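Shown next: protein-v8.cif, given as mmCIF, C-alpha atoms (C1' of nucleotides).
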```cif
data_input
loop_
_atom_site.label_atom_id
_atom_site.label_comp_id
_atom_site.auth_asym_id
_atom_site.auth_seq_id
_atom_site.Cartn_x
_atom_site.Cartn_y
_atom_site.Cartn_z
CA MET A 1 68.96 120.02 67.25
CA ARG A 2 70.78 120.41 63.97
CA ASP A 3 69.44 123.94 63.69
CA ASP A 4 70.90 125.02 67.02
CA PRO A 5 74.67 124.51 66.74
CA THR A 6 75.28 125.80 70.23
CA GLN A 7 72.91 123.35 71.85
CA MET A 8 74.36 120.56 69.77
CA ALA A 9 77.86 121.63 70.73
CA GLU A 10 76.89 121.27 74.38
CA GLN A 11 75.71 117.74 73.79
CA VAL A 12 78.86 116.89 71.88
CA SER A 13 80.92 118.35 74.67
CA LYS A 14 79.25 116.12 77.24
CA VAL A 15 79.76 113.06 75.09
CA LEU A 16 83.43 113.91 74.58
CA ARG A 17 83.91 114.15 78.33
CA HIS A 18 82.29 110.74 78.72
CA LEU A 19 84.56 109.24 76.09
CA VAL A 20 87.64 110.74 77.71
CA LEU A 21 86.70 109.20 81.05
CA LEU A 22 86.03 105.89 79.31
CA LEU A 23 89.49 105.96 77.78
CA ARG A 24 91.12 106.90 81.07
CA ARG A 25 89.44 104.11 82.95
CA SER A 26 90.14 101.53 80.27
CA SER A 27 93.80 102.41 79.80
CA ALA A 28 94.80 102.20 83.46
CA GLY A 29 97.38 99.52 84.12
CA GLN A 30 98.04 98.60 80.50
CA PRO A 31 101.51 97.27 79.58
CA VAL A 32 102.16 100.44 77.52
CA THR A 33 100.65 103.86 78.01
CA THR A 34 98.25 105.18 75.43
CA GLN A 35 100.89 107.61 74.19
CA GLN A 36 103.43 104.86 73.74
CA TYR A 37 100.85 102.73 71.99
CA ALA A 38 100.00 105.58 69.65
CA VAL A 39 103.65 106.13 68.77
CA LEU A 40 104.22 102.43 68.15
CA GLY A 41 101.21 102.52 65.86
CA SER A 42 102.84 105.25 63.77
CA LEU A 43 105.81 102.99 63.16
CA GLU A 44 103.86 100.03 61.93
CA HIS A 45 104.50 100.62 58.25
CA GLY A 46 108.19 101.39 58.41
CA PRO A 47 110.72 103.85 59.84
CA ARG A 48 109.72 107.45 60.48
CA ARG A 49 111.65 110.59 61.28
CA MET A 50 111.37 112.42 64.56
CA THR A 51 109.75 115.50 63.04
CA GLU A 52 107.09 113.38 61.36
CA LEU A 53 106.27 111.64 64.59
CA ALA A 54 106.08 114.87 66.57
CA GLU A 55 103.79 116.51 64.08
CA GLU A 56 101.59 113.47 63.72
CA HIS A 57 101.05 113.31 67.47
CA ALA A 58 100.68 117.05 67.90
CA VAL A 59 103.61 117.41 70.30
CA GLN A 60 106.87 119.34 70.19
CA LEU A 61 110.05 117.62 69.11
CA PRO A 62 111.64 117.43 72.57
CA THR A 63 108.56 115.63 73.84
CA MET A 64 108.88 113.03 71.13
CA THR A 65 112.60 112.69 71.83
CA VAL A 66 111.84 111.74 75.41
CA GLN A 67 109.14 109.29 74.43
CA ILE A 68 111.37 107.62 71.88
CA ASN A 69 114.15 107.47 74.48
CA ARG A 70 111.87 105.50 76.76
CA LEU A 71 110.64 103.20 74.02
CA GLU A 72 114.23 102.62 72.91
CA TYR A 73 115.31 101.85 76.48
CA ALA A 74 112.43 99.39 76.70
CA GLY A 75 113.66 97.72 73.53
CA LEU A 76 110.50 98.41 71.55
CA VAL A 77 112.01 100.74 68.95
CA ALA A 78 115.46 101.35 67.46
CA ARG A 79 116.99 104.56 66.16
CA GLY A 80 118.62 104.71 62.76
CA SER A 81 120.03 107.28 60.39
CA ASP A 82 119.07 108.64 57.02
CA PRO A 83 122.00 108.02 54.66
CA ALA A 84 120.95 111.02 52.59
CA ASP A 85 120.87 113.51 55.45
CA ALA A 86 122.93 113.10 58.58
CA ARG A 87 120.69 115.44 60.57
CA VAL A 88 117.66 113.20 60.61
CA ARG A 89 117.21 110.27 62.97
CA THR A 90 114.83 107.54 61.97
CA VAL A 91 112.89 105.34 64.34
CA GLU A 92 111.59 101.87 63.67
CA LEU A 93 109.91 99.04 65.52
CA THR A 94 111.97 96.18 66.87
CA GLY A 95 110.53 92.68 66.71
CA GLU A 96 109.54 92.99 70.33
CA GLY A 97 107.97 96.37 69.65
CA ARG A 98 105.88 94.90 66.88
CA ASP A 99 104.77 92.04 69.09
CA ARG A 100 103.84 94.42 71.87
CA LEU A 101 101.95 96.68 69.48
CA HIS A 102 99.90 93.81 68.15
CA ALA A 103 99.17 92.42 71.59
CA VAL A 104 97.98 95.76 72.92
CA ARG A 105 95.95 96.41 69.81
CA ARG A 106 94.22 93.05 70.14
CA ALA A 107 93.37 93.81 73.76
CA ARG A 108 92.04 97.27 72.98
CA ILE A 109 90.02 96.13 70.00
CA ALA A 110 88.56 93.26 71.98
CA ARG A 111 87.52 95.62 74.76
CA LEU A 112 85.87 97.99 72.33
CA ALA A 113 84.18 95.14 70.46
CA GLN A 114 82.79 94.00 73.78
CA ASP A 115 81.33 97.46 74.37
CA LEU A 116 79.88 97.50 70.88
CA ALA A 117 78.36 94.08 71.38
CA ALA A 118 76.30 95.56 74.20
CA LEU A 119 74.50 97.78 71.69
CA THR A 120 71.52 96.83 69.56
CA ASP A 121 71.86 96.36 65.82
CA ASP A 122 70.15 99.68 65.23
CA GLU A 123 72.48 101.48 67.59
CA ARG A 124 75.49 100.02 65.84
CA ASP A 125 74.11 101.17 62.50
CA VAL A 126 73.63 104.67 63.82
CA LEU A 127 77.11 104.71 65.26
CA ALA A 128 78.70 103.30 62.11
CA ALA A 129 77.05 106.04 60.06
CA ALA A 130 78.41 108.70 62.39
CA LEU A 131 82.02 107.54 62.36
CA PRO A 132 82.99 109.27 59.11
CA VAL A 133 81.38 112.46 60.37
CA LEU A 134 83.33 112.31 63.61
CA ALA A 135 86.50 111.69 61.66
CA LYS A 136 85.79 114.82 59.68
CA LEU A 137 85.27 117.04 62.74
CA GLY A 138 87.84 119.77 63.08
CA ILE A 139 89.72 118.59 60.02
CA ASP A 140 90.51 122.00 58.65
CA ARG A 141 90.57 124.39 61.52
CA THR A 142 93.68 126.28 60.57
CA THR A 143 93.60 128.85 63.34
CA GLN A 144 94.46 127.57 66.75
CA MET B 1 80.06 96.70 59.40
CA ARG B 2 77.59 96.19 62.20
CA ASP B 3 77.96 92.45 61.77
CA ASP B 4 81.71 92.53 62.27
CA PRO B 5 82.27 94.00 65.74
CA THR B 6 86.03 93.68 65.44
CA GLN B 7 86.21 95.65 62.24
CA MET B 8 83.87 98.25 63.66
CA ALA B 9 85.96 98.44 66.81
CA GLU B 10 88.98 99.25 64.66
CA GLN B 11 87.14 102.10 63.03
CA VAL B 12 85.93 103.40 66.39
CA SER B 13 89.47 103.19 67.70
CA LYS B 14 90.77 105.34 64.86
CA VAL B 15 88.05 107.91 65.40
CA LEU B 16 88.77 108.04 69.12
CA ARG B 17 92.42 108.74 68.40
CA HIS B 18 91.39 111.51 66.07
CA LEU B 19 89.13 113.04 68.71
CA VAL B 20 91.86 112.85 71.34
CA LEU B 21 94.25 114.72 69.03
CA LEU B 22 91.53 117.27 68.32
CA LEU B 23 91.07 117.88 72.02
CA ARG B 24 94.79 118.15 72.62
CA ARG B 25 95.29 120.68 69.85
CA SER B 26 92.29 122.73 70.87
CA SER B 27 93.09 122.85 74.58
CA ALA B 28 96.68 124.05 74.27
CA GLY B 29 97.23 127.39 75.91
CA GLN B 30 93.79 127.72 77.48
CA PRO B 31 93.46 129.74 80.71
CA VAL B 32 92.63 126.55 82.62
CA THR B 33 93.66 123.02 81.77
CA THR B 34 91.02 120.57 80.64
CA GLN B 35 91.28 118.79 83.98
CA GLN B 36 90.75 121.98 85.91
CA TYR B 37 87.85 122.88 83.68
CA ALA B 38 86.28 119.48 84.24
CA VAL B 39 86.63 119.80 88.02
CA LEU B 40 85.14 123.29 88.01
CA GLY B 41 82.23 121.85 86.03
CA SER B 42 81.58 119.30 88.77
CA LEU B 43 81.15 122.12 91.26
CA GLU B 44 78.63 124.08 89.27
CA HIS B 45 75.61 122.91 91.23
CA GLY B 46 76.97 123.27 94.72
CA PRO B 47 79.70 122.00 97.06
CA ARG B 48 81.07 118.49 96.66
CA ARG B 49 83.28 116.29 98.79
CA MET B 50 86.76 115.22 97.79
CA THR B 51 85.83 111.56 97.45
CA GLU B 52 82.94 112.39 95.17
CA LEU B 53 85.16 114.48 92.93
CA ALA B 54 87.87 111.86 92.77
CA GLU B 55 85.45 109.12 91.83
CA GLU B 56 83.62 111.26 89.30
CA HIS B 57 86.84 112.07 87.50
CA ALA B 58 88.25 108.57 87.75
CA VAL B 59 91.34 109.59 89.72
CA GLN B 60 92.72 108.68 93.13
CA LEU B 61 92.11 110.95 96.09
CA PRO B 62 95.67 112.34 96.30
CA THR B 63 95.44 113.43 92.68
CA MET B 64 92.28 115.35 93.41
CA THR B 65 93.85 116.88 96.52
CA VAL B 66 96.63 118.34 94.41
CA GLN B 67 94.25 119.63 91.77
CA ILE B 68 92.04 121.29 94.37
CA ASN B 69 95.13 122.78 96.01
CA ARG B 70 96.01 124.47 92.77
CA LEU B 71 92.48 125.68 92.09
CA GLU B 72 92.28 126.99 95.65
CA TYR B 73 95.60 128.78 95.30
CA ALA B 74 94.31 130.32 92.06
CA GLY B 75 91.24 131.54 93.94
CA LEU B 76 88.79 129.56 91.82
CA VAL B 77 87.49 127.24 94.56
CA ALA B 78 87.24 127.33 98.35
CA ARG B 79 87.44 124.49 100.81
CA GLY B 80 84.80 124.08 103.51
CA SER B 81 83.80 121.57 106.13
CA ASP B 82 80.87 119.28 106.66
CA PRO B 83 79.33 120.19 110.03
CA ALA B 84 78.05 116.65 110.39
CA ASP B 85 81.41 114.94 109.83
CA ALA B 86 84.68 116.67 110.57
CA ARG B 87 86.62 114.27 108.34
CA VAL B 88 85.13 115.45 105.08
CA ARG B 89 86.29 118.52 103.23
CA THR B 90 83.88 120.20 100.88
CA VAL B 91 84.87 122.20 97.84
CA GLU B 92 82.86 124.94 96.17
CA LEU B 93 83.26 127.51 93.44
CA THR B 94 84.23 131.05 94.32
CA GLY B 95 82.64 133.87 92.34
CA GLU B 96 85.77 134.10 90.26
CA GLY B 97 85.74 130.35 89.74
CA ARG B 98 82.20 130.51 88.44
CA ASP B 99 83.09 133.35 86.09
CA ARG B 100 86.09 131.46 84.80
CA LEU B 101 84.06 128.30 84.31
CA HIS B 102 81.46 130.11 82.28
CA ALA B 103 84.02 131.95 80.18
CA VAL B 104 85.92 128.77 79.35
CA ARG B 105 82.72 126.93 78.62
CA ARG B 106 81.58 129.62 76.22
CA ALA B 107 84.90 129.47 74.40
CA ARG B 108 84.82 125.69 74.13
CA ILE B 109 81.23 125.56 72.99
CA ALA B 110 81.86 128.27 70.42
CA ARG B 111 84.81 126.36 69.03
CA LEU B 112 82.82 123.16 68.80
CA ALA B 113 79.85 124.95 67.26
CA GLN B 114 82.22 126.31 64.66
CA ASP B 115 83.39 122.79 63.84
CA LEU B 116 79.80 121.62 63.63
CA ALA B 117 78.90 124.50 61.35
CA ALA B 118 81.41 123.13 58.84
CA LEU B 119 79.26 120.01 58.46
CA THR B 120 76.27 119.59 56.17
CA ASP B 121 72.76 119.38 57.58
CA ASP B 122 72.71 115.67 56.88
CA GLU B 123 76.00 115.12 58.66
CA ARG B 124 74.73 116.99 61.71
CA ASP B 125 71.61 114.82 61.71
CA VAL B 126 73.69 111.68 61.58
CA LEU B 127 75.92 112.94 64.37
CA ALA B 128 73.00 114.04 66.53
CA ALA B 129 71.48 110.59 66.24
CA ALA B 130 74.72 108.97 67.32
CA LEU B 131 75.30 111.07 70.42
CA PRO B 132 73.03 109.04 72.72
CA VAL B 133 74.67 105.86 71.48
CA LEU B 134 78.13 107.22 72.22
CA ALA B 135 76.96 108.30 75.65
CA LYS B 136 75.85 104.75 76.28
CA LEU B 137 79.16 103.18 75.27
CA GLY B 138 80.90 101.40 78.10
CA ILE B 139 78.26 102.40 80.58
CA ASP B 140 78.13 99.13 82.45
CA ARG B 141 81.44 97.46 82.06
CA THR B 142 81.90 96.33 85.60
CA THR B 143 85.08 94.37 85.11
CA GLN B 144 88.16 96.37 84.40
"C1'" DC C 1 135.52 127.63 48.94
"C1'" DC C 2 133.40 129.11 53.02
"C1'" DC C 3 130.21 131.56 55.92
"C1'" DG C 4 125.79 132.42 57.60
"C1'" DG C 5 121.28 131.03 58.02
"C1'" DA C 6 117.90 127.23 58.13
"C1'" DA C 7 116.70 122.57 59.45
"C1'" DT C 8 116.95 118.47 62.65
"C1'" DA C 9 117.58 116.65 67.06
"C1'" DT C 10 118.88 116.53 71.74
"C1'" DT C 11 119.64 118.30 76.47
"C1'" DA C 12 118.18 120.75 80.48
"C1'" DG C 13 114.87 122.56 83.42
"C1'" DC C 14 110.21 123.47 84.41
"C1'" DC C 15 105.17 122.24 85.39
"C1'" DA C 16 100.71 119.40 85.36
"C1'" DG C 17 98.75 115.33 86.48
"C1'" DA C 18 98.74 110.53 87.55
"C1'" DC C 19 100.07 106.73 90.92
"C1'" DT C 20 101.28 104.25 95.63
"C1'" DA C 21 102.59 104.28 100.42
"C1'" DA C 22 102.36 106.30 104.68
"C1'" DG C 23 100.55 109.51 108.09
"C1'" DT C 24 96.67 112.19 110.53
"C1'" DT C 25 92.32 112.98 112.17
"C1'" DA C 26 87.65 111.66 113.10
"C1'" DG C 27 83.85 108.56 113.27
"C1'" DT C 28 82.01 103.67 114.45
"C1'" DT C 29 81.54 99.52 116.59
"C1'" DG C 30 82.33 95.34 119.46
"C1'" DC D 1 87.36 102.48 125.30
"C1'" DA D 2 90.17 100.15 122.03
"C1'" DA D 3 90.40 98.85 117.53
"C1'" DC D 4 88.95 99.40 113.13
"C1'" DT D 5 87.42 102.06 109.28
"C1'" DA D 6 86.80 106.28 106.56
"C1'" DA D 7 88.33 110.74 104.65
"C1'" DC D 8 92.03 113.42 103.53
"C1'" DT D 9 96.76 115.07 103.07
"C1'" DT D 10 101.73 114.57 102.49
"C1'" DA D 11 105.74 112.66 100.29
"C1'" DG D 12 107.98 110.52 96.62
"C1'" DT D 13 107.99 108.82 91.82
"C1'" DC D 14 106.69 108.53 87.04
"C1'" DT D 15 104.77 110.05 82.41
"C1'" DG D 16 104.17 113.53 79.38
"C1'" DG D 17 103.88 118.12 78.03
"C1'" DC D 18 106.32 122.87 77.31
"C1'" DT D 19 110.30 126.47 76.25
"C1'" DA D 20 115.09 127.79 75.83
"C1'" DA D 21 119.54 126.63 74.70
"C1'" DT D 22 122.87 123.71 72.25
"C1'" DA D 23 124.95 120.71 68.84
"C1'" DT D 24 125.16 119.14 64.08
"C1'" DT D 25 124.36 119.21 59.42
"C1'" DC D 26 122.78 121.09 55.09
"C1'" DC D 27 122.47 124.67 51.60
"C1'" DG D 28 123.02 129.07 49.01
"C1'" DG D 29 125.37 133.37 47.90
"C1'" DG D 30 129.40 135.79 47.57
#
```

Could you write out this structure as C-alpha cells?
Amino acid sequence: MRDDPTQMAEQVSKVLRHLVLLLRRSSAGQPVTTQQYAVLGSLEHGPRRMTELAEEHAVQLPTMTVQINRLEYAGLVARGSDPADARVRTVELTGEGRDRLHAVRRARIARLAQDLAALTDDERDVLAAALPVLAKLGIDRTTQ
Amino acid sequence: MRDDPTQMAEQVSKVLRHLVLLLRRSSAGQPVTTQQYAVLGSLEHGPRRMTELAEEHAVQLPTMTVQINRLEYAGLVARGSDPADARVRTVELTGEGRDRLHAVRRARIARLAQDLAALTDDERDVLAAALPVLAKLGIDRTTQ
DNA sequence: CCCGGAATATTAGCCAGACTAAGTTAGTTG
DNA sequence: CAACTAACTTAGTCTGGCTAATATTCCGGG
C-alpha cells in the first residue's frame, strides 16, 4: 500500500471518519464541550493571550472571545491584563477551572485506556509505533 | 508504553487533538462542509432512509432532517418515498450531488496523499500497519 | 509632540450543526 | 377500531464558527 499514496489516502480517510464519529459519540453529554476542554488545556501551564489561544486552536479571534466569555461566566477562567501592553488581555485558569480540567481529563483518559485495553499487545505496539507518524502528518503544509 | 495504558491513552489523546485540528484547518472554505460530504458519502450506493442516516452519523433525527433540507435545497439530494411504508422518507443523490461528492472526494484524497508523500517509506509502512488497529478502536463499547 | 498606521480585542450579525420537546402521519396490535 | 408505536418534521435553543465594524493602545516618522 505504501507505494500507492492514493489508495492509502483512501484508507486513512475512512479511519479518520471513524475516529471523528468515535469522538462525537464519546463526547456527548460531558460536563464541558470538547472545545472548552481543549481551551482549558491550553491554560494549564499559565496565563495566555487571546491571540495565542486563537491561533493555537485554529479559530479567529472573535470566536475565541466568545468561548472565553462563556468559560469566564462559568467561573472556569479569569481575564487579566498585561502590565507591559494595555491592549492584550490574558486568560488564566481559576481553581475551579483547574479542577474541572483535571476531572474531565481523567474521564477521557480512562475511556481511551479502556478502549486500548481491548486491543492485543501486538496491536498496541503497532499503534504506539504509529503515533509519532500521525503527529507528524500535515505538520508543514503551508498552503491552505 | 504498551504496558501503561494510561500513558498511552495520553499520547493517543494528543494525537487525536492534532488530527482534529488538521481536519478543521483543511476543511475551511470547502464547497461542502465535512458533515454534508459525509452524508453524501452515505448515499453513494443507493437511497437511504432518514433513520439510517441519523444513526450512521451519530446524530438525532431532527439534525439529519435539517441537513437533508439544505442538501435538497442545494439540489444535491432528492427525497423519495418507500412504497411499502408511507411513513419513511428516502433520500438519494442527484446527478449533481454525485458529481459534487466525487469532486470533493478527489480533492480530499489528493490533499491527504500529499501529506502522506511527505513521509518516509518506513513511516508509511508503520502507518499502514496501524490503520486496521485504529479502525478497531472503540468498536464495541456498548456503554456510553 | 503628535498623527497615522499597525496590533489587540470586542461587539454585532450571520450561518451550520447539534439537542430536546412537541406535533403529524401512518402502520400495528390487542 | 382504539390505542400504541414508529418515522419524520417543526419549533426553539445552544455551541461554535465566520466576517465586518469598532474601540483602544502602541509605535514610528515628521

field: Two-atom distance - CA of Gly95 (chain B), CA of Gly75 (chain B) (Å)
entry: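 These atoms are spaced 9.1 Å apart.
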
Chain A contacts on chain B, only C-alpha atoms, 7 Å, as a PyMOL selection string: chain B and resi 2+5-6+9-10+12+15+18+21-22+25-26+58+109+112-113+115-117+121+123-127+129-131+133-135+137-138+144

Interface residues on chain C facing chain B, 9 Å, only C-alpha atoms (C1' of nucleotides), written as a PyMOL selection string: chain C and resi 16-19+25-27

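The gap separating CA of Arg79 (chain A) from CA of Leu93 (chain A) is 9.0 Å, in Å to one decimal.
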
task: Run the PyMOL selection byres ((chain D) within 10 of (chain B)) on the file and write out the hits as an NGL selection string.
output: :D and (6-10)

query: Once the PyMOL selection byres ((chain C and resi 15) around 12) has been applied to the shown file, what residues remain in the selection, as a PyMOL selection string?
result: (chain B and resi 70) or (chain C and resi 13-14+16-17) or (chain D and resi 16-19)

For C-alpha atoms (C1' of nucleotides), I'd like the residues from the last selection saved as a tab-separated table (two decimals), in the frame of the given file.
```tsv
chain	number	residue	atom	x	y	z
B	70	ARG	CA	96.01	124.47	92.77
C	13	DG	C1'	114.87	122.56	83.42
C	14	DC	C1'	110.21	123.47	84.41
C	16	DA	C1'	100.71	119.40	85.36
C	17	DG	C1'	98.75	115.33	86.48
D	16	DG	C1'	104.17	113.53	79.38
D	17	DG	C1'	103.88	118.12	78.03
D	18	DC	C1'	106.32	122.87	77.31
D	19	DT	C1'	110.30	126.47	76.25
```

query: Which polymer residues have any atom within 12 Å of an atom of DG30 (chain D), counting all atoms listed in the file, with same-chain residues fewer than 4 positions away left out, as a PyMOL selection string?
result: chain C and resi 1-4

Write out, as a compact mmCIF listing (two decimals), in the coordinates of the input, the residues just selected, with C-alpha atoms (C1' of nucleotides).
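Okay, part22.txt is ready:
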```
# COMPACT_ATOMS: atom_id res chain seq x y z
C1' DC C 1 135.52 127.63 48.94
C1' DC C 2 133.40 129.11 53.02
C1' DC C 3 130.21 131.56 55.92
C1' DG C 4 125.79 132.42 57.60
```

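Interatomic distance, CA of Arg48 (chain B) against C1' of DT24 (chain C): 21.8 Å.
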
- request: Carefully work through the PyMOL selection byres ((chain C and resi 12) around 10) for this structure and note down the residues it includes, as a list in words.
  value: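 Matching residues under the PyMOL selection byres ((chain C and resi 12) around 10) are DT10, DT11, DG13 and DC14 of chain C; DA20, DA21 and DT22 of chain D.
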
Atoms are missing here; could region 82-108 of chain A be completed with N, CA and C atoms and written as a PDB file, keeping the file's coordinate frame?
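File produced: out_5.pdb:
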```pdb
ATOM      1  N   ASP A  82     119.397 108.478  58.422  1.00  0.00           N
ATOM      2  CA  ASP A  82     119.070 108.640  57.020  1.00  0.00           C
ATOM      3  C   ASP A  82     120.378 108.834  56.270  1.00  0.00           C
ATOM      4  N   PRO A  83     120.719 107.910  55.373  1.00  0.00           N
ATOM      5  CA  PRO A  83     122.000 108.020  54.660  1.00  0.00           C
ATOM      6  C   PRO A  83     122.083 109.304  53.843  1.00  0.00           C
ATOM      7  N   ALA A  84     120.937 109.841  53.460  1.00  0.00           N
ATOM      8  CA  ALA A  84     120.950 111.020  52.590  1.00  0.00           C
ATOM      9  C   ALA A  84     121.072 112.322  53.367  1.00  0.00           C
ATOM     10  N   ASP A  85     120.833 112.275  54.667  1.00  0.00           N
ATOM     11  CA  ASP A  85     120.870 113.510  55.450  1.00  0.00           C
ATOM     12  C   ASP A  85     121.224 113.168  56.889  1.00  0.00           C
ATOM     13  N   ALA A  86     122.417 113.522  57.274  1.00  0.00           N
ATOM     14  CA  ALA A  86     122.930 113.100  58.580  1.00  0.00           C
ATOM     15  C   ALA A  86     122.232 113.785  59.741  1.00  0.00           C
ATOM     16  N   ARG A  87     121.380 114.783  59.461  1.00  0.00           N
ATOM     17  CA  ARG A  87     120.690 115.440  60.570  1.00  0.00           C
ATOM     18  C   ARG A  87     119.521 114.613  61.082  1.00  0.00           C
ATOM     19  N   VAL A  88     118.905 113.854  60.192  1.00  0.00           N
ATOM     20  CA  VAL A  88     117.660 113.200  60.610  1.00  0.00           C
ATOM     21  C   VAL A  88     117.940 111.845  61.256  1.00  0.00           C
ATOM     22  N   ARG A  89     117.189 111.583  62.330  1.00  0.00           N
ATOM     23  CA  ARG A  89     117.210 110.270  62.970  1.00  0.00           C
ATOM     24  C   ARG A  89     115.922 109.572  62.578  1.00  0.00           C
ATOM     25  N   THR A  90     116.030 108.318  62.262  1.00  0.00           N
ATOM     26  CA  THR A  90     114.830 107.540  61.970  1.00  0.00           C
ATOM     27  C   THR A  90     114.539 106.637  63.164  1.00  0.00           C
ATOM     28  N   VAL A  91     113.307 106.212  63.254  1.00  0.00           N
ATOM     29  CA  VAL A  91     112.890 105.340  64.340  1.00  0.00           C
ATOM     30  C   VAL A  91     112.104 104.206  63.721  1.00  0.00           C
ATOM     31  N   GLU A  92     112.374 102.991  64.179  1.00  0.00           N
ATOM     32  CA  GLU A  92     111.590 101.870  63.670  1.00  0.00           C
ATOM     33  C   GLU A  92     111.304 100.872  64.773  1.00  0.00           C
ATOM     34  N   LEU A  93     110.288 100.055  64.550  1.00  0.00           N
ATOM     35  CA  LEU A  93     109.910  99.040  65.520  1.00  0.00           C
ATOM     36  C   LEU A  93     110.965  97.949  65.579  1.00  0.00           C
ATOM     37  N   THR A  94     111.218  97.434  66.759  1.00  0.00           N
ATOM     38  CA  THR A  94     111.970  96.180  66.870  1.00  0.00           C
ATOM     39  C   THR A  94     110.948  95.040  66.795  1.00  0.00           C
ATOM     40  N   GLY A  95     111.439  93.826  66.730  1.00  0.00           N
ATOM     41  CA  GLY A  95     110.530  92.680  66.710  1.00  0.00           C
ATOM     42  C   GLY A  95     109.651  92.678  67.940  1.00  0.00           C
ATOM     43  N   GLU A  96     110.289  92.957  69.077  1.00  0.00           N
ATOM     44  CA  GLU A  96     109.540  92.990  70.330  1.00  0.00           C
ATOM     45  C   GLU A  96     108.511  94.116  70.309  1.00  0.00           C
ATOM     46  N   GLY A  97     108.897  95.254  69.731  1.00  0.00           N
ATOM     47  CA  GLY A  97     107.970  96.370  69.650  1.00  0.00           C
ATOM     48  C   GLY A  97     106.744  96.007  68.828  1.00  0.00           C
ATOM     49  N   ARG A  98     106.998  95.288  67.730  1.00  0.00           N
ATOM     50  CA  ARG A  98     105.880  94.900  66.880  1.00  0.00           C
ATOM     51  C   ARG A  98     104.960  93.917  67.622  1.00  0.00           C
ATOM     52  N   ASP A  99     105.572  92.980  68.316  1.00  0.00           N
ATOM     53  CA  ASP A  99     104.770  92.040  69.090  1.00  0.00           C
ATOM     54  C   ASP A  99     103.900  92.770  70.109  1.00  0.00           C
ATOM     55  N   ARG A 100     104.556  93.692  70.824  1.00  0.00           N
ATOM     56  CA  ARG A 100     103.840  94.420  71.870  1.00  0.00           C
ATOM     57  C   ARG A 100     102.692  95.230  71.271  1.00  0.00           C
ATOM     58  N   LEU A 101     102.980  95.898  70.155  1.00  0.00           N
ATOM     59  CA  LEU A 101     101.950  96.680  69.480  1.00  0.00           C
ATOM     60  C   LEU A 101     100.742  95.822  69.155  1.00  0.00           C
ATOM     61  N   HIS A 102     101.010  94.655  68.576  1.00  0.00           N
ATOM     62  CA  HIS A 102      99.900  93.810  68.150  1.00  0.00           C
ATOM     63  C   HIS A 102      99.121  93.277  69.352  1.00  0.00           C
ATOM     64  N   ALA A 103      99.842  92.951  70.404  1.00  0.00           N
ATOM     65  CA  ALA A 103      99.170  92.420  71.590  1.00  0.00           C
ATOM     66  C   ALA A 103      98.250  93.487  72.193  1.00  0.00           C
ATOM     67  N   VAL A 104      98.789  94.697  72.319  1.00  0.00           N
ATOM     68  CA  VAL A 104      97.980  95.760  72.920  1.00  0.00           C
ATOM     69  C   VAL A 104      96.800  96.092  72.025  1.00  0.00           C
ATOM     70  N   ARG A 105      97.054  96.114  70.730  1.00  0.00           N
ATOM     71  CA  ARG A 105      95.950  96.410  69.810  1.00  0.00           C
ATOM     72  C   ARG A 105      94.855  95.376  69.947  1.00  0.00           C
ATOM     73  N   ARG A 106      95.236  94.105  69.987  1.00  0.00           N
ATOM     74  CA  ARG A 106      94.220  93.050  70.140  1.00  0.00           C
ATOM     75  C   ARG A 106      93.392  93.292  71.394  1.00  0.00           C
ATOM     76  N   ALA A 107      94.075  93.612  72.492  1.00  0.00           N
ATOM     77  CA  ALA A 107      93.370  93.810  73.760  1.00  0.00           C
ATOM     78  C   ALA A 107      92.400  94.981  73.670  1.00  0.00           C
ATOM     79  N   ARG A 108      92.880  96.079  73.073  1.00  0.00           N
ATOM     80  CA  ARG A 108      92.040  97.270  72.980  1.00  0.00           C
ATOM     81  C   ARG A 108      90.840  97.037  72.069  1.00  0.00           C
TER      82      ARG A 108
END
```
